[in-house]
Amino acid sequence: MNQTKIISRILFYICALLSAGYIITLAYSIFCLITGYAVTPYKEGQFLHINFPFTEQPFLNIENNYPYMIFSFILVLITYGIFFWLSARVFKVFFQQKLFTQENITQLKKFYLYNIFLPLPLVMIASFFVEVESMIWGLVFIHFMLGIFCLFLANIFKQGLHLQNEQDLFI
């Protein structure tokens, strides 16, 4: 079990950093797009460079149209920021002193609900406004499978909590 705690702690910090990276990138990008700061048009205005802060070095390259900015850029940054934050919370479950708690089950439930019910509707809505590449449908399937796996884990944890509560009553 010690190995699981070490690995889950490492993955917790990695996912927390990735989540922070996505959210900071989102905030910086929205700030730049709204204010025009560090934004450089190129290819006759078809695309935009969002530059690294205080430089002219491109950081992000995006298409210069609102459907792309909303559905293929901002929405992706938001959803993956949340995904990695929820992932970090799931990994945190596995290095707690007590595994089978209602709080841990809640963390697993948030993760599986997010992954089962959010990606498909978002991609379907986005497909009305932007072209959705075939690889994206594969990612939707992967998120669905992650959600199902986490649903199984949550049910195992519910059973474990139930057994743990029964043992506490008899001891």
# chains A, B, ... in the order shown; residues from 1 in each chain; ligands from 1

$ closest_atom_pairs --of "segment 63-134 of chain A" --to "segment 44-51 of chain A" --cutoff "12 Å" --atoms "only C-alpha atoms" --output "CSV"
residue,atom,partner,partner_atom,distance
A:Glu63,CA,A:Phe47,CA,4.3
A:Asn64,CA,A:Phe47,CA,4.8
A:Asn65,CA,A:Gln46,CA,7.9
A:Tyr66,CA,A:Phe47,CA,11.5
A:Tyr68,CA,A:Phe47,CA,10.6
A:Met69,CA,A:Leu48,CA,10.3

$ write_last_selection --atoms "N, CA and C atoms" --output "PDB file, in the first residue's frame"
ATOM      1  N   GLU A  63      -6.815  30.392 -34.490  1.00  0.00           N
ATOM      2  CA  GLU A  63      -7.529  30.983 -35.613  1.00  0.00           C
ATOM      3  C   GLU A  63      -8.246  32.237 -35.141  1.00  0.00           C
ATOM      4  N   ASN A  64      -8.365  33.199 -36.032  1.00  0.00           N
ATOM      5  CA  ASN A  64      -8.979  34.474 -35.692  1.00  0.00           C
ATOM      6  C   ASN A  64     -10.465  34.460 -36.049  1.00  0.00           C
ATOM      7  N   ASN A  65     -11.228  33.565 -35.429  1.00  0.00           N
ATOM      8  CA  ASN A  65     -12.684  33.591 -35.561  1.00  0.00           C
ATOM      9  C   ASN A  65     -13.291  33.114 -34.250  1.00  0.00           C
ATOM     10  N   TYR A  66     -14.424  33.700 -33.915  1.00  0.00           N
ATOM     11  CA  TYR A  66     -15.024  33.466 -32.599  1.00  0.00           C
ATOM     12  C   TYR A  66     -15.453  32.028 -32.338  1.00  0.00           C
ATOM     13  N   TYR A  68     -14.078  29.276 -33.348  1.00  0.00           N
ATOM     14  CA  TYR A  68     -12.854  28.541 -33.019  1.00  0.00           C
ATOM     15  C   TYR A  68     -12.363  28.940 -31.629  1.00  0.00           C
ATOM     16  N   MET A  69     -12.317  30.242 -31.367  1.00  0.00           N
ATOM     17  CA  MET A  69     -11.809  30.717 -30.070  1.00  0.00           C
ATOM     18  C   MET A  69     -12.625  30.138 -28.914  1.00  0.00           C
TER      19      MET A  69
END

$ residues_around --residues "Phe152 of chain A" --least-positions-apart "5" --cutoff "12 Å" --atoms "only C-alpha atoms" --output "VMD selection string"
chain A and resid 105 108 to 109 111 to 112 145 to 147 157 to 159

$ write_last_selection --atoms "N, CA and C atoms" --output "PDB file, in the first residue's frame"
ATOM      1  N   ILE A 105     -15.589   9.050  -1.616  1.00  0.00           N
ATOM      2  CA  ILE A 105     -16.592   8.574  -2.579  1.00  0.00           C
ATOM      3  C   ILE A 105     -17.121   9.759  -3.390  1.00  0.00           C
ATOM      4  N   LEU A 108     -14.636  10.664  -6.124  1.00  0.00           N
ATOM      5  CA  LEU A 108     -14.731   9.708  -7.226  1.00  0.00           C
ATOM      6  C   LEU A 108     -15.990   9.955  -8.054  1.00  0.00           C
ATOM      7  N   LYS A 109     -17.082  10.271  -7.376  1.00  0.00           N
ATOM      8  CA  LYS A 109     -18.348  10.516  -8.067  1.00  0.00           C
ATOM      9  C   LYS A 109     -18.263  11.751  -8.961  1.00  0.00           C
ATOM     10  N   PHE A 111     -15.631  12.925 -10.385  1.00  0.00           N
ATOM     11  CA  PHE A 111     -14.786  12.579 -11.528  1.00  0.00           C
ATOM     12  C   PHE A 111     -15.558  11.757 -12.547  1.00  0.00           C
ATOM     13  N   TYR A 112     -16.286  10.716 -12.092  1.00  0.00           N
ATOM     14  CA  TYR A 112     -16.976   9.872 -13.075  1.00  0.00           C
ATOM     15  C   TYR A 112     -18.141  10.599 -13.726  1.00  0.00           C
ATOM     16  N   MET A 145     -14.640   5.944 -20.884  1.00  0.00           N
ATOM     17  CA  MET A 145     -14.100   4.740 -20.239  1.00  0.00           C
ATOM     18  C   MET A 145     -13.473   5.069 -18.883  1.00  0.00           C
ATOM     19  N   LEU A 146     -12.778   6.200 -18.776  1.00  0.00           N
ATOM     20  CA  LEU A 146     -12.243   6.634 -17.475  1.00  0.00           C
ATOM     21  C   LEU A 146     -13.373   6.827 -16.473  1.00  0.00           C
ATOM     22  N   GLY A 147     -14.448   7.431 -16.935  1.00  0.00           N
ATOM     23  CA  GLY A 147     -15.597   7.646 -16.064  1.00  0.00           C
ATOM     24  C   GLY A 147     -16.209   6.347 -15.592  1.00  0.00           C
ATOM     25  N   PHE A 157     -15.747   1.553  -3.273  1.00  0.00           N
ATOM     26  CA  PHE A 157     -15.548   2.362  -2.069  1.00  0.00           C
ATOM     27  C   PHE A 157     -16.830   2.435  -1.234  1.00  0.00           C
ATOM     28  N   LYS A 158     -17.991   2.510  -1.881  1.00  0.00           N
ATOM     29  CA  LYS A 158     -19.262   2.509  -1.142  1.00  0.00           C
ATOM     30  C   LYS A 158     -19.415   1.216  -0.354  1.00  0.00           C
ATOM     31  N   GLN A 159     -19.096   0.097  -1.009  1.00  0.00           N
ATOM     32  CA  GLN A 159     -19.176  -1.198  -0.333  1.00  0.00           C
ATOM     33  C   GLN A 159     -18.176  -1.257   0.813  1.00  0.00           C
TER      34      GLN A 159
END

$ residues_around --residues "segment 23-36 of chain A" --least-positions-apart "4" --cutoff "7 Å" --atoms "only C-alpha atoms" --output "list in words"
Ser19, Ile74, Leu77, Ile78 and Gly81 of chain A

$ closest_residue --among "A:Leu153, A:Val39, A:Val123, A:Ile142" --to "Leu60 of chain A" --atoms "only C-alpha atoms"
A:Val39

$ atom_distance --atom1 "atom CA of Leu17 of chain A" --atom2 "atom CA of Phe59 of chain A"
18.4 Å

$ select_by_dssp --residues "chain A" --states "alpha helix (DSSP H)" --output "PyMOL selection string"
chain A and resi 2-35+66-67+75-93+102-117+119-127+134-170

$ closest_residue --among "A:Ile62, A:Leu163, A:Ala154, A:Val130" --to "Val93 of chain A" --atoms "only C-alpha atoms"
A:Ala154

$ select_by_dssp --residues "segment 53-137 of chain A" --states "strand (DSSP E or B)" --output "ChimeraX atom specification"
/A:58-63

$ residues_around --residues "Leu113 of chain A" --least-positions-apart "6" --cutoff "10 Å" --atoms "only C-alpha atoms" --output "list of chain:residue names"
A:Phe144, A:Gly147, A:Ile148, A:Cys150, A:Leu151

$ residues_around --residues "Ala16 of chain A" --least-positions-apart "2" --cutoff "7 Å" --atoms "only C-alpha atoms" --output "PyMOL selection string"
chain A and resi 12-14+18-20+84-85+88

$ residues_around --residues "Ser8 of chain A" --least-positions-apart "6" --cutoff "9 Å" --atoms "only C-alpha atoms" --output "list of chain:residue names"
A:Ala88, A:Val90, A:Phe91, A:Lys92, A:Val93, A:Phe94, A:Phe95

$ closest_residue --among "A:Pro41, A:Gln57, A:Lys98, A:Pro119" --to "Leu139 of chain A" --atoms "only C-alpha atoms"
A:Pro119

$ atom_distance --atom1 "atom CA of Ile156 of chain A" --atom2 "atom CA of Lys110 of chain A"
15.4 Å

$ decode --residues "segment 4-81 of chain A" --atoms "C-alpha atoms" --output "mmCIF file, in the first residue's frame"
data_model
loop_
_atom_site.group_PDB
_atom_site.id
_atom_site.type_symbol
_atom_site.label_atom_id
_atom_site.label_comp_id
_atom_site.auth_asym_id
_atom_site.auth_seq_id
_atom_site.Cartn_x
_atom_site.Cartn_y
_atom_site.Cartn_z
ATOM 1 C CA THR A 4 0.249 3.181 -4.022
ATOM 2 C CA LYS A 5 0.478 6.139 -1.663
ATOM 3 C CA ILE A 6 3.781 7.290 -3.168
ATOM 4 C CA ILE A 7 2.587 6.974 -6.768
ATOM 5 C CA SER A 8 -0.761 8.631 -6.043
ATOM 6 C CA ARG A 9 0.958 11.515 -4.256
ATOM 7 C CA ILE A 10 3.273 12.079 -7.243
ATOM 8 C CA LEU A 11 0.334 11.938 -9.676
ATOM 9 C CA PHE A 12 -1.636 14.297 -7.427
ATOM 10 C CA TYR A 13 1.070 16.953 -7.720
ATOM 11 C CA ILE A 14 1.500 16.410 -11.471
ATOM 12 C CA CYS A 15 -2.240 16.754 -12.111
ATOM 13 C CA ALA A 16 -2.499 19.774 -9.806
ATOM 14 C CA LEU A 17 0.332 21.459 -11.746
ATOM 15 C CA LEU A 18 -1.288 20.616 -15.084
ATOM 16 C CA SER A 19 -4.615 21.986 -13.858
ATOM 17 C CA ALA A 20 -2.962 25.195 -12.691
ATOM 18 C CA GLY A 21 -1.148 25.454 -16.025
ATOM 19 C CA TYR A 22 -4.377 25.142 -17.998
ATOM 20 C CA ILE A 23 -6.239 27.634 -15.796
ATOM 21 C CA ILE A 24 -3.389 30.172 -15.857
ATOM 22 C CA THR A 25 -3.099 29.781 -19.632
ATOM 23 C CA LEU A 26 -6.860 30.283 -19.914
ATOM 24 C CA ALA A 27 -6.804 33.424 -17.768
ATOM 25 C CA TYR A 28 -3.805 34.859 -19.642
ATOM 26 C CA SER A 29 -5.334 34.039 -23.039
ATOM 27 C CA ILE A 30 -8.687 35.617 -22.205
ATOM 28 C CA PHE A 31 -6.912 38.692 -20.837
ATOM 29 C CA CYS A 32 -4.860 38.986 -24.036
ATOM 30 C CA LEU A 33 -7.828 38.432 -26.351
ATOM 31 C CA ILE A 34 -9.986 40.989 -24.530
ATOM 32 C CA THR A 35 -7.316 43.681 -24.185
ATOM 33 C CA GLY A 36 -5.271 42.962 -27.303
ATOM 34 C CA TYR A 37 -2.138 42.805 -25.154
ATOM 35 C CA ALA A 38 0.565 40.467 -26.553
ATOM 36 C CA VAL A 39 -1.624 39.498 -29.540
ATOM 37 C CA THR A 40 -0.071 39.595 -32.998
ATOM 38 C CA PRO A 41 -2.114 38.882 -36.138
ATOM 39 C CA TYR A 42 -0.412 36.937 -38.909
ATOM 40 C CA LYS A 43 -1.259 35.494 -42.330
ATOM 41 C CA GLU A 44 -3.401 38.507 -43.197
ATOM 42 C CA GLY A 45 -5.339 38.333 -39.933
ATOM 43 C CA GLN A 46 -6.490 34.723 -40.350
ATOM 44 C CA PHE A 47 -4.562 33.650 -37.260
ATOM 45 C CA LEU A 48 -3.435 35.213 -34.010
ATOM 46 C CA HIS A 49 -0.280 34.709 -31.994
ATOM 47 C CA ILE A 50 -0.719 35.080 -28.268
ATOM 48 C CA ASN A 51 2.806 35.915 -27.213
ATOM 49 C CA PHE A 52 4.676 35.027 -24.066
ATOM 50 C CA PRO A 53 4.302 37.845 -21.531
ATOM 51 C CA PHE A 54 6.596 40.837 -22.187
ATOM 52 C CA THR A 55 7.980 39.332 -25.416
ATOM 53 C CA GLU A 56 7.193 39.085 -29.100
ATOM 54 C CA GLN A 57 7.744 35.312 -28.991
ATOM 55 C CA PRO A 58 4.570 33.334 -29.896
ATOM 56 C CA PHE A 59 3.130 31.234 -27.071
ATOM 57 C CA LEU A 60 -0.160 30.112 -28.642
ATOM 58 C CA ASN A 61 -1.376 30.160 -32.239
ATOM 59 C CA ILE A 62 -5.123 30.325 -32.775
ATOM 60 C CA GLU A 63 -7.529 30.983 -35.613
ATOM 61 C CA ASN A 64 -8.979 34.474 -35.692
ATOM 62 C CA ASN A 65 -12.684 33.591 -35.561
ATOM 63 C CA TYR A 66 -15.024 33.466 -32.599
ATOM 64 C CA PRO A 67 -16.422 29.923 -32.988
ATOM 65 C CA TYR A 68 -12.854 28.541 -33.019
ATOM 66 C CA MET A 69 -11.809 30.717 -30.070
ATOM 67 C CA ILE A 70 -14.794 29.598 -28.007
ATOM 68 C CA PHE A 71 -15.195 25.912 -28.908
ATOM 69 C CA SER A 72 -11.698 24.802 -29.884
ATOM 70 C CA PHE A 73 -9.621 26.976 -27.605
ATOM 71 C CA ILE A 74 -11.308 28.444 -24.515
ATOM 72 C CA LEU A 75 -13.649 25.499 -23.927
ATOM 73 C CA VAL A 76 -10.743 23.044 -24.216
ATOM 74 C CA LEU A 77 -8.632 24.990 -21.723
ATOM 75 C CA ILE A 78 -11.532 25.189 -19.247
ATOM 76 C CA THR A 79 -12.527 21.531 -19.512
ATOM 77 C CA TYR A 80 -8.987 20.180 -19.238
ATOM 78 C CA GLY A 81 -8.213 22.527 -16.357
#
